[in-house]
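Reproduced below: data.tsv, with TSV, C-alpha atoms.
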chain	number	residue	atom	x	y	z
A	422	MET	CA	-1.05	-7.25	19.74
A	423	ASN	CA	1.51	-4.77	18.39
A	424	ALA	CA	1.29	-3.39	14.86
A	425	LEU	CA	4.01	-5.64	13.41
A	426	ALA	CA	2.53	-8.85	14.83
A	427	ALA	CA	-0.95	-7.89	13.60
A	428	THR	CA	0.30	-6.99	10.13
A	429	ASN	CA	2.29	-10.22	9.84
A	430	ARG	CA	-0.77	-12.18	10.97
A	431	ASN	CA	-2.98	-10.61	8.30
A	432	PHE	CA	-0.31	-11.14	5.65
A	433	LYS	CA	0.03	-14.84	6.52
A	434	LEU	CA	-3.74	-15.36	6.46
A	435	ALA	CA	-3.86	-13.77	3.00
A	436	SER	CA	-0.89	-15.86	1.87
A	437	ARG	CA	-2.69	-19.06	2.88
A	438	LEU	CA	-5.85	-18.01	1.06
A	439	LEU	CA	-3.76	-17.36	-2.06
A	440	GLY	CA	-1.80	-20.60	-1.67
A	441	LEU	CA	1.60	-18.89	-1.90
A	442	ASP	CA	4.77	-20.96	-1.83
A	443	SER	CA	6.43	-20.73	1.61
A	444	LYS	CA	9.69	-19.43	0.11
A	445	LEU	CA	7.84	-16.69	-1.80
A	446	GLU	CA	5.91	-15.85	1.37
A	447	GLN	CA	9.17	-15.38	3.27
A	448	CYS	CA	10.59	-13.28	0.43
A	449	LEU	CA	7.57	-10.95	0.55
A	450	LEU	CA	7.67	-10.63	4.32
A	451	ILE	CA	11.32	-9.68	4.84
A	452	PRO	CA	12.07	-5.97	4.24
A	453	PHE	CA	14.29	-5.02	1.30
A	454	ARG	CA	16.39	-2.75	3.54
A	455	GLU	CA	16.33	-1.38	7.09
A	456	ILE	CA	18.18	1.86	7.86
A	457	LYS	CA	19.03	3.23	11.31
A	458	VAL	CA	21.00	6.46	11.63
A	459	GLU	CA	22.26	8.75	14.34
A	460	CYS	CA	21.15	12.38	14.01
A	461	THR	CA	23.09	14.79	16.24
A	462	ILE	CA	22.22	18.49	16.09
A	463	PRO	CA	23.13	21.65	18.00
A	464	LYS	CA	20.13	22.97	19.90
A	465	ASP	CA	19.28	26.65	20.13
A	466	ASP	CA	20.92	26.88	23.56
A	467	GLY	CA	24.22	25.55	22.20
A	468	SER	CA	23.92	22.05	23.67
A	469	LEU	CA	24.00	18.91	21.51
A	470	ALA	CA	21.09	16.49	21.17
A	471	THR	CA	21.10	13.09	19.50
A	472	PHE	CA	18.08	11.40	17.93
A	473	ILE	CA	17.70	8.04	16.17
A	474	GLY	CA	16.24	8.01	12.68
A	475	PHE	CA	14.77	5.01	10.86
A	476	ARG	CA	13.81	4.18	7.30
A	477	VAL	CA	12.46	0.74	6.41
A	478	GLN	CA	12.21	0.02	2.69
A	479	HIS	CA	9.95	-2.99	2.48
A	480	ASP	CA	9.42	-3.89	-1.18
A	481	ASN	CA	10.10	-2.47	-4.65
A	482	ALA	CA	8.70	-5.19	-6.92
A	483	ARG	CA	6.00	-2.88	-8.32
A	484	GLY	CA	7.93	0.39	-8.35
A	485	PRO	CA	9.79	2.89	-6.15
A	486	MET	CA	9.16	2.50	-2.44
A	487	LYS	CA	6.76	5.02	-0.92
A	488	GLY	CA	5.88	6.02	2.60
A	489	GLY	CA	5.72	8.74	5.20
A	490	ILE	CA	8.23	10.04	7.71
A	491	ARG	CA	6.88	10.57	11.22
A	492	TYR	CA	8.36	12.51	14.12
A	493	HIS	CA	7.06	11.00	17.35
A	494	PRO	CA	8.57	9.92	20.70
A	495	GLU	CA	7.33	6.34	20.24
A	496	VAL	CA	8.87	5.73	16.82
A	497	ASP	CA	10.60	2.36	16.97
A	498	PRO	CA	11.79	-0.32	14.49
A	499	ASP	CA	8.75	-2.59	14.98
A	500	GLU	CA	6.26	0.18	14.29
A	501	VAL	CA	8.18	1.44	11.25
A	502	ASN	CA	8.49	-2.14	9.93
A	503	ALA	CA	4.74	-2.71	10.26
A	504	LEU	CA	3.84	0.57	8.57
A	505	ALA	CA	6.33	-0.04	5.73
A	506	GLN	CA	4.78	-3.44	5.07
A	507	LEU	CA	1.26	-1.96	5.18
A	508	MET	CA	2.36	0.60	2.57
A	509	THR	CA	3.43	-2.23	0.25
A	510	TRP	CA	-0.02	-3.78	0.35
A	511	LYS	CA	-1.78	-0.38	0.32
A	512	THR	CA	-0.08	0.84	-2.86
A	513	ALA	CA	-0.88	-2.50	-4.50
A	514	VAL	CA	-4.55	-2.30	-3.45
A	515	ALA	CA	-4.70	1.23	-4.90
A	516	ASN	CA	-3.00	-0.18	-8.01
A	517	ILE	CA	-0.41	2.57	-8.20
A	518	PRO	CA	3.17	1.69	-9.27
A	519	TYR	CA	4.87	1.84	-5.89
A	520	GLY	CA	6.21	-0.42	-3.19
A	521	GLY	CA	6.18	0.31	0.52
A	522	ALA	CA	8.45	2.18	2.93
A	523	LYS	CA	8.19	4.10	6.17
A	524	GLY	CA	10.48	6.26	8.25
A	525	GLY	CA	10.67	8.28	11.37
A	526	ILE	CA	12.71	9.96	14.04
A	527	GLY	CA	12.20	9.31	17.73
A	528	CYS	CA	11.56	12.86	18.93
A	529	SER	CA	8.85	15.12	20.27
A	530	PRO	CA	8.30	17.86	17.66
A	531	SER	CA	6.50	20.10	20.15
A	532	ASP	CA	9.67	20.22	22.28
A	533	LEU	CA	11.81	21.44	19.37
A	534	SER	CA	11.92	24.91	17.82
A	535	ILE	CA	11.40	25.42	14.09
A	536	SER	CA	15.13	25.90	13.59
A	537	GLU	CA	15.90	22.73	15.58
A	538	LEU	CA	13.38	20.76	13.50
A	539	GLU	CA	14.97	22.08	10.32
A	540	ARG	CA	18.46	21.08	11.47
A	541	LEU	CA	17.21	17.62	12.48
A	542	THR	CA	15.46	17.11	9.14
A	543	ARG	CA	18.52	18.18	7.17
A	544	VAL	CA	20.87	15.92	9.15
A	545	PHE	CA	18.48	12.98	8.66
A	546	THR	CA	18.36	13.71	4.92
A	547	GLN	CA	22.16	13.88	4.74
A	548	LYS	CA	22.34	10.40	6.29
A	549	ILE	CA	19.86	8.77	3.89
A	550	HIS	CA	20.08	10.86	0.68
A	551	ASP	CA	21.90	8.16	-1.25
A	552	LEU	CA	19.24	5.58	-0.32
A	553	ILE	CA	16.16	7.57	-1.37
A	554	GLY	CA	15.37	9.04	-4.78
A	555	ILE	CA	12.77	9.71	-7.48
A	556	HIS	CA	12.88	6.12	-8.73
A	557	THR	CA	14.08	4.50	-5.49
A	558	ASP	CA	12.16	5.68	-2.43
A	559	VAL	CA	9.86	8.71	-2.22
A	560	PRO	CA	9.07	9.99	1.33
A	561	ALA	CA	5.98	11.96	2.35
A	562	PRO	CA	4.62	13.66	5.50
A	563	ASP	CA	3.21	11.65	8.37
A	564	MET	CA	2.47	12.21	12.03
A	565	GLY	CA	4.51	15.14	13.36
A	566	THR	CA	5.73	16.23	9.90
A	567	ASN	CA	4.18	18.48	7.26
A	568	PRO	CA	4.78	20.19	3.89
A	569	GLN	CA	7.53	22.34	5.44
A	570	THR	CA	9.40	19.19	6.50
A	571	MET	CA	9.18	17.92	2.92
A	572	ALA	CA	10.48	21.28	1.64
A	573	TRP	CA	13.59	20.90	3.83
A	574	ILE	CA	14.14	17.33	2.61
A	575	LEU	CA	13.73	18.45	-1.01
A	576	ASP	CA	16.22	21.27	-0.55
A	577	GLU	CA	18.81	19.14	1.25
A	578	TYR	CA	18.48	16.25	-1.22
A	579	SER	CA	18.78	18.67	-4.16
A	580	LYS	CA	22.17	19.89	-2.84
A	581	PHE	CA	23.52	16.42	-3.58
A	582	HIS	CA	21.49	15.44	-6.65
A	583	GLY	CA	20.29	18.62	-8.35
A	584	TYR	CA	16.78	20.05	-8.14
A	585	SER	CA	14.51	17.03	-7.66
A	586	PRO	CA	10.91	17.96	-6.75
A	587	ALA	CA	9.69	14.37	-7.28
A	588	VAL	CA	11.88	13.03	-4.45
A	589	VAL	CA	9.15	13.81	-1.89
A	590	THR	CA	5.41	14.32	-2.04
A	591	GLY	CA	3.13	16.35	0.20
A	592	LYS	CA	5.25	19.43	-0.56
A	593	PRO	CA	4.06	23.06	-0.46
A	594	ILE	CA	2.25	24.03	-3.67
A	595	ASP	CA	4.99	26.60	-4.43
A	596	LEU	CA	7.58	23.80	-4.61
A	597	GLY	CA	5.61	21.46	-6.86
A	598	GLY	CA	3.06	20.09	-4.43
A	599	SER	CA	-0.25	18.94	-5.84
A	600	LEU	CA	-3.54	20.77	-5.46
A	601	GLY	CA	-5.92	18.58	-3.47
A	602	ARG	CA	-3.15	16.78	-1.54
A	603	ASP	CA	-4.03	18.33	1.82
A	604	ALA	CA	-7.57	16.95	1.70
A	605	ALA	CA	-6.69	13.75	-0.15
A	606	THR	CA	-6.79	11.17	2.66
A	607	GLY	CA	-10.00	12.62	4.10
A	608	ARG	CA	-11.56	12.84	0.64
A	609	GLY	CA	-10.53	9.25	-0.01
A	610	VAL	CA	-12.31	8.26	3.23
A	611	LEU	CA	-15.45	9.97	1.90
A	612	PHE	CA	-15.24	8.07	-1.41
A	613	ALA	CA	-14.57	4.81	0.46
A	614	ALA	CA	-17.58	5.39	2.73
A	615	GLU	CA	-19.76	6.19	-0.29
A	616	ALA	CA	-18.70	2.95	-1.99
A	617	LEU	CA	-19.30	0.82	1.11
A	618	LEU	CA	-22.68	2.35	1.93
A	619	ARG	CA	-23.79	2.13	-1.71
A	620	ASP	CA	-22.92	-1.58	-1.62
A	621	HIS	CA	-25.31	-1.89	1.34
A	622	GLY	CA	-28.08	0.10	-0.32
A	623	LYS	CA	-27.41	3.28	1.64
A	624	SER	CA	-25.89	6.73	1.08
A	625	ILE	CA	-23.90	9.24	3.14
A	626	ALA	CA	-26.97	11.42	3.61
A	627	GLY	CA	-28.83	10.68	6.82
A	628	GLN	CA	-26.12	8.47	8.36
A	629	ARG	CA	-24.72	9.34	11.80
A	630	PHE	CA	-20.92	9.46	11.98
A	631	VAL	CA	-18.43	9.51	14.85
A	632	VAL	CA	-14.88	10.69	14.07
A	633	GLN	CA	-12.12	9.74	16.51
A	634	GLY	CA	-9.20	12.05	15.73
A	635	PHE	CA	-9.91	15.55	14.39
A	636	GLY	CA	-6.53	16.15	12.78
A	637	ASN	CA	-5.95	16.60	9.06
A	638	VAL	CA	-7.64	13.35	8.00
A	639	GLY	CA	-10.52	13.39	10.45
A	640	SER	CA	-11.38	17.06	9.99
A	641	TRP	CA	-11.41	16.83	6.20
A	642	ALA	CA	-13.48	13.63	6.31
A	643	ALA	CA	-15.97	15.28	8.67
A	644	GLN	CA	-16.23	18.40	6.53
A	645	LEU	CA	-16.73	16.47	3.29
A	646	ILE	CA	-19.20	14.01	4.83
A	647	THR	CA	-21.25	16.93	6.16
A	648	GLU	CA	-21.33	18.46	2.68
A	649	GLN	CA	-22.85	15.18	1.42
A	650	GLY	CA	-25.61	15.23	4.03
A	651	GLY	CA	-24.01	13.04	6.68
A	652	LYS	CA	-24.43	13.96	10.35
A	653	ILE	CA	-21.32	14.12	12.56
A	654	VAL	CA	-22.61	13.39	16.07
A	655	ALA	CA	-19.29	13.14	17.98
A	656	VAL	CA	-15.61	13.95	17.45
A	657	SER	CA	-12.45	13.84	19.53
A	658	ASP	CA	-8.82	14.92	19.46
A	659	ILE	CA	-5.96	15.10	21.97
A	660	THR	CA	-7.68	17.94	23.85
A	661	GLY	CA	-10.96	16.14	24.49
A	662	ALA	CA	-14.21	14.84	22.98
A	663	ILE	CA	-17.58	16.42	22.17
A	664	LYS	CA	-21.03	15.16	21.23
A	665	ASN	CA	-24.24	16.54	19.77
A	666	LYS	CA	-26.86	13.94	18.82
A	667	ASN	CA	-28.49	16.44	16.45
A	668	GLY	CA	-25.23	16.90	14.53
A	669	ILE	CA	-22.18	19.09	15.11
A	670	ASP	CA	-21.77	22.26	13.04
A	671	ILE	CA	-18.46	21.29	11.46
A	672	ALA	CA	-17.78	24.71	9.91
A	673	SER	CA	-18.07	26.32	13.36
A	674	LEU	CA	-15.98	23.56	14.93
A	675	LEU	CA	-13.20	24.04	12.38
A	676	LYS	CA	-13.11	27.75	13.25
A	677	HIS	CA	-13.01	26.92	16.97
A	678	VAL	CA	-10.19	24.40	16.48
A	679	LYS	CA	-8.15	26.90	14.49
A	680	GLU	CA	-8.51	29.50	17.25
A	681	ASN	CA	-8.16	27.17	20.25
A	682	ARG	CA	-5.99	24.33	18.87
A	683	GLY	CA	-8.49	21.64	19.77
A	684	VAL	CA	-12.13	20.66	20.09
A	685	LYS	CA	-12.20	21.24	23.86
A	686	GLY	CA	-14.51	24.06	24.89
A	687	PHE	CA	-16.62	24.07	21.72
A	688	HIS	CA	-20.01	25.52	22.67
A	689	GLY	CA	-22.01	23.75	19.97
A	690	ALA	CA	-21.71	20.32	21.62
A	691	ASP	CA	-21.46	18.65	25.02
A	692	SER	CA	-18.12	17.55	26.44
A	693	ILE	CA	-17.81	13.77	26.92
A	694	ASP	CA	-15.18	11.34	28.19
A	695	PRO	CA	-12.64	10.87	25.35
A	696	ASN	CA	-12.47	7.17	26.23
A	697	SER	CA	-16.13	6.79	25.28
A	698	ILE	CA	-15.82	8.20	21.75
A	699	LEU	CA	-15.43	4.78	20.10
A	700	VAL	CA	-18.55	3.37	21.74
A	701	GLU	CA	-20.88	6.30	21.07
A	702	ASP	CA	-24.14	5.44	19.30
A	703	CYS	CA	-23.74	5.97	15.53
A	704	ASP	CA	-24.07	4.29	12.15
A	705	VAL	CA	-20.48	4.78	11.00
A	706	LEU	CA	-17.36	4.99	13.17
A	707	ILE	CA	-14.24	6.57	11.66
A	708	PRO	CA	-11.08	6.00	13.74
A	709	ALA	CA	-8.66	8.61	12.36
A	710	ALA	CA	-5.97	8.79	15.04
A	711	LEU	CA	-3.46	6.25	16.38
A	712	GLY	CA	-3.28	2.49	15.83
A	713	GLY	CA	-4.62	-0.19	18.15
A	714	VAL	CA	-7.46	1.91	19.58
A	715	ILE	CA	-10.14	-0.74	18.91
A	716	ASN	CA	-9.22	-3.79	20.94
A	717	ARG	CA	-10.75	-6.76	22.73
A	718	ASP	CA	-11.59	-4.58	25.74
A	719	ASN	CA	-13.86	-2.12	23.91
A	720	ALA	CA	-14.91	-4.00	20.76
A	721	LYS	CA	-17.92	-5.60	22.48
A	722	ASP	CA	-19.29	-2.15	23.32
A	723	ILE	CA	-19.01	-0.61	19.85
A	724	LYS	CA	-22.46	0.32	18.53
A	725	ALA	CA	-21.54	1.35	14.97
A	726	ARG	CA	-22.74	-0.80	12.09
A	727	TYR	CA	-19.78	0.21	9.91
A	728	ILE	CA	-16.17	1.10	10.69
A	729	ILE	CA	-14.09	3.05	8.14
A	730	GLU	CA	-10.40	2.78	9.12
A	731	ALA	CA	-8.96	6.21	8.36
A	732	ALA	CA	-6.00	5.55	10.71
A	733	ASN	CA	-3.29	2.94	10.17
A	734	HIS	CA	-4.00	-0.32	12.03
A	735	PRO	CA	-6.70	1.06	14.37
A	736	THR	CA	-8.27	-2.39	14.95
A	737	ASP	CA	-6.49	-5.27	16.67
A	738	PRO	CA	-7.07	-8.79	15.27
A	739	GLU	CA	-8.84	-9.85	18.49
A	740	ALA	CA	-11.28	-6.96	18.03
A	741	ASP	CA	-11.77	-7.96	14.39
A	742	GLU	CA	-13.10	-11.34	15.49
A	743	ILE	CA	-15.42	-9.85	18.12
A	744	LEU	CA	-16.80	-7.28	15.69
A	745	ALA	CA	-17.29	-9.86	12.94
A	746	LYS	CA	-19.47	-11.93	15.27
A	747	LYS	CA	-21.53	-8.80	15.96
A	748	GLY	CA	-22.01	-8.22	12.23
A	749	VAL	CA	-19.99	-5.00	12.14
A	750	VAL	CA	-18.59	-4.30	8.67
A	751	ILE	CA	-15.00	-3.00	8.70
A	752	LEU	CA	-13.49	-1.22	5.70
A	753	PRO	CA	-9.75	-1.82	6.23
A	754	ASP	CA	-7.05	0.81	6.41
A	755	ILE	CA	-5.05	-0.44	3.44
A	756	TYR	CA	-7.97	0.56	1.25
A	757	ALA	CA	-9.91	3.16	3.26
A	758	ASN	CA	-7.05	5.59	3.88
A	759	SER	CA	-5.26	5.13	0.56
A	760	GLY	CA	-6.45	8.49	-0.80
A	761	GLY	CA	-3.34	10.21	0.53
A	762	VAL	CA	-0.83	7.94	-1.18
A	763	THR	CA	-2.93	7.96	-4.36
A	764	VAL	CA	-2.76	11.75	-4.64
A	765	SER	CA	0.92	11.56	-3.66
A	766	TYR	CA	1.30	9.39	-6.75
A	767	PHE	CA	-0.50	12.06	-8.79
A	768	GLU	CA	1.92	14.66	-7.38
A	769	TRP	CA	4.93	12.50	-8.32
A	770	VAL	CA	3.56	12.06	-11.85
A	771	GLN	CA	3.03	15.83	-12.20
A	772	ASN	CA	6.59	16.54	-11.00
A	773	ILE	CA	8.13	14.04	-13.42
A	774	GLN	CA	6.08	15.37	-16.34
A	775	GLY	CA	6.56	19.00	-15.33
A	776	PHE	CA	2.84	19.53	-15.96
A	777	MET	CA	0.52	20.38	-13.07
A	778	TRP	CA	-3.17	19.45	-12.83
A	779	ASP	CA	-6.06	21.56	-11.60
A	780	GLU	CA	-7.82	20.47	-8.40
A	781	ASP	CA	-10.95	19.19	-10.13
A	782	LYS	CA	-8.83	16.75	-12.15
A	783	VAL	CA	-7.02	15.55	-9.01
A	784	ASN	CA	-10.30	14.93	-7.17
A	785	ALA	CA	-11.94	13.25	-10.16
A	786	GLU	CA	-8.97	10.90	-10.64
A	787	LEU	CA	-8.97	10.10	-6.92
A	788	LYS	CA	-12.65	9.15	-7.05
A	789	THR	CA	-11.96	6.88	-10.02
A	790	TYR	CA	-9.14	5.08	-8.17
A	791	MET	CA	-11.11	4.73	-4.90
A	792	THR	CA	-14.25	3.47	-6.65
A	793	ARG	CA	-12.29	0.95	-8.71
A	794	GLY	CA	-10.33	-0.11	-5.63
A	795	PHE	CA	-13.51	-0.98	-3.73
A	796	LYS	CA	-14.74	-3.10	-6.65
A	797	ASP	CA	-11.39	-4.92	-6.80
A	798	VAL	CA	-11.52	-5.64	-3.05
A	799	LYS	CA	-15.11	-6.92	-3.32
A	800	ASP	CA	-14.13	-9.19	-6.21
A	801	MET	CA	-11.42	-10.77	-4.05
A	802	CYS	CA	-13.94	-11.20	-1.22
A	803	LYS	CA	-16.14	-13.22	-3.59
A	804	THR	CA	-13.21	-15.22	-4.95
A	805	HIS	CA	-11.90	-16.23	-1.52
A	806	ASN	CA	-15.17	-16.07	0.45
A	807	CYS	CA	-13.66	-13.68	2.99
A	808	ASP	CA	-14.32	-10.36	4.73
A	809	LEU	CA	-13.21	-6.96	3.44
A	810	ARG	CA	-9.91	-6.97	5.36
A	811	MET	CA	-8.84	-10.27	3.84
A	812	GLY	CA	-10.24	-9.15	0.49
A	813	ALA	CA	-7.92	-6.14	0.59
A	814	PHE	CA	-4.94	-8.12	1.86
A	815	THR	CA	-5.33	-10.89	-0.73
A	816	LEU	CA	-5.66	-8.23	-3.44
A	817	GLY	CA	-2.51	-6.40	-2.37
A	818	VAL	CA	-0.40	-9.46	-1.59
A	819	ASN	CA	-1.42	-11.16	-4.84
A	820	ARG	CA	-0.41	-8.16	-6.95
A	821	VAL	CA	2.99	-7.89	-5.25
A	822	ALA	CA	3.55	-11.66	-5.45
A	823	ARG	CA	2.77	-11.67	-9.18
A	824	ALA	CA	5.16	-8.78	-9.83
A	825	THR	CA	7.87	-10.49	-7.75
A	826	VAL	CA	7.56	-13.77	-9.65
A	827	LEU	CA	7.44	-12.03	-13.05
A	828	ARG	CA	10.66	-10.19	-12.22
A	829	GLY	CA	12.37	-13.50	-11.43
A	830	TRP	CA	12.58	-13.63	-7.65
A	831	GLU	CA	14.54	-16.93	-7.63
A	832	ALA	CA	17.19	-15.60	-10.01

As structure tokens, please, write out the structure in this file.
Amino acid sequence: MNALAATNRNFKLASRLLGLDSKLEQCLLIPFREIKVECTIPKDDGSLATFIGFRVQHDNARGPMKGGIRYHPEVDPDEVNALAQLMTWKTAVANIPYGGAKGGIGCSPSDLSISELERLTRVFTQKIHDLIGIHTDVPAPDMGTNPQTMAWILDEYSKFHGYSPAVVTGKPIDLGGSLGRDAATGRGVLFAAEALLRDHGKSIAGQRFVVQGFGNVGSWAAQLITEQGGKIVAVSDITGAIKNKNGIDIASLLKHVKENRGVKGFHGADSIDPNSILVEDCDVLIPAALGGVINRDNAKDIKARYIIEAANHPTDPEADEILAKKGVVILPDIYANSGGVTVSYFEWVQNIQGFMWDEDKVNAELKTYMTRGFKDVKDMCKTHNCDLRMGAFTLGVNRVARATVLRGWEA
């Protein structure tokens, strides 16, 4: 099931649990605006190349729309639509004053030079600058983009609208980025795991973790979990997968990855088949890469007792049902990976106020939001007698529905 179909399915299940009016349900489901633009740039060799850019602005009932921009060959309207909708529910679950959006350009960043990426980013910004803004739609980095990409968007947008640091988040610190933003999603995963395990009478210490995806989110989560006494027994990335049942030395692995651009060849663990990473023996599985990796074909073989969804939509609905029957507890993406957008909100607040926070304050505020978010999700689980995924979806959908009705959606 593709990401859009799965997201729509979860939304409709939540809508039924909440008893939403069918007209309101349709209103919440349809995106506020869909943007598709042509981005033609001169390449370094003098030839012209054309790329298609997308921005889906899903909902603004609770505040400016918020969401990442990804550069990836498989960016398409369905995927962007699904991720924009997920951002709407995610920001509502986190209880920050945003709606949802998502964007992207269908390209392969590794095939483009830095100067070509800059030209592409600036052309894309020129095409959408009048449809984004501090109080309209605030982009952020995603797959294939980074703080430098945000710096280019900020600069290009500011040519039209004056210096506007709050128009994007995830910026370099020197341009108004927030301390703690780089680690925020991974740190949020740590706080989410702590909350879930505490609810089950356990702690991070002594638990065995598997991390699928050792990029920014996965590597930070692994590092922070290790600091709390958790044992990382297997990790993977695009170069391969490694395993050490006694625990991987994450500090050494981080150094290896920095020098070799991947986990492959790390001497402190055994190489394993990357396709087996999700079914390795562990207590907690953290999928932190692409969506749809846990499906009906591999769900029956998963040995983890808990799954913390650090990636967006890593678990297909069919797998959800299989795992539920096995008693596996899944902490859903729209809560578990909300640390990034929460600290993006902190960055936006700091930019608007012109007053920057120290990193301890950022991390303390993030823990407060993540801890409160878990309690809110659990309360909805009790109210509607449902699992954590539906608890999170009913929480998010209900908050957006209430805001929509209060604003006068039938007017």

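For the residues A:Leu600, A:Ala605, A:Cys528, A:Asn431, ranking by smallest atom-to-atom distance to Asp779 (chain A) using only C-alpha atoms places A:Leu600 first.
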
Quiz prompt | Computed interatomic separation between CA of Trp769 (chain A) and CA of Arg810 (chain A) (Å) | solution =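 Interatomic distance, CA of Trp769 (chain A) to CA of Arg810 (chain A): 28.0 Å.
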
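In this comparison, which uses all atoms listed in the file, the residue of A:Arg823, A:Lys433, A:Lys799, A:Arg540 approaching Asp620 (chain A) most closely is A:Lys799.
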
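With distances restricted to only C-alpha atoms, A:Ala513 is the closest residue to Thr815 (chain A) from A:Ala505, A:Ala513, A:Val762, A:Ala604.
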
Quiz item: Which residue out of A:Asn758, A:Asn516, A:Thr566, A:Ser468 has the minimum interatomic distance to His493 (chain A) when all atoms listed in the file are used?
Solution: A:Thr566

Quiz item: Taking into account only C-alpha atoms, which residue in the set A:Arg619, A:Lys664, A:His734, A:Arg454 is nearest to Ile755 (chain A)?
Solution: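 Selected residue with least distance to Ile755 (chain A): A:His734.
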
Quiz item: Can you list, as a list in words, every protein, DNA or RNA residue that comes within 8 Å of Ser585 (chain A) when you count only C-alpha atoms, leaving out same-chain residues fewer than 6 positions away?
Solution: Ile555, Leu575, Tyr578 and Ser579 of chain A
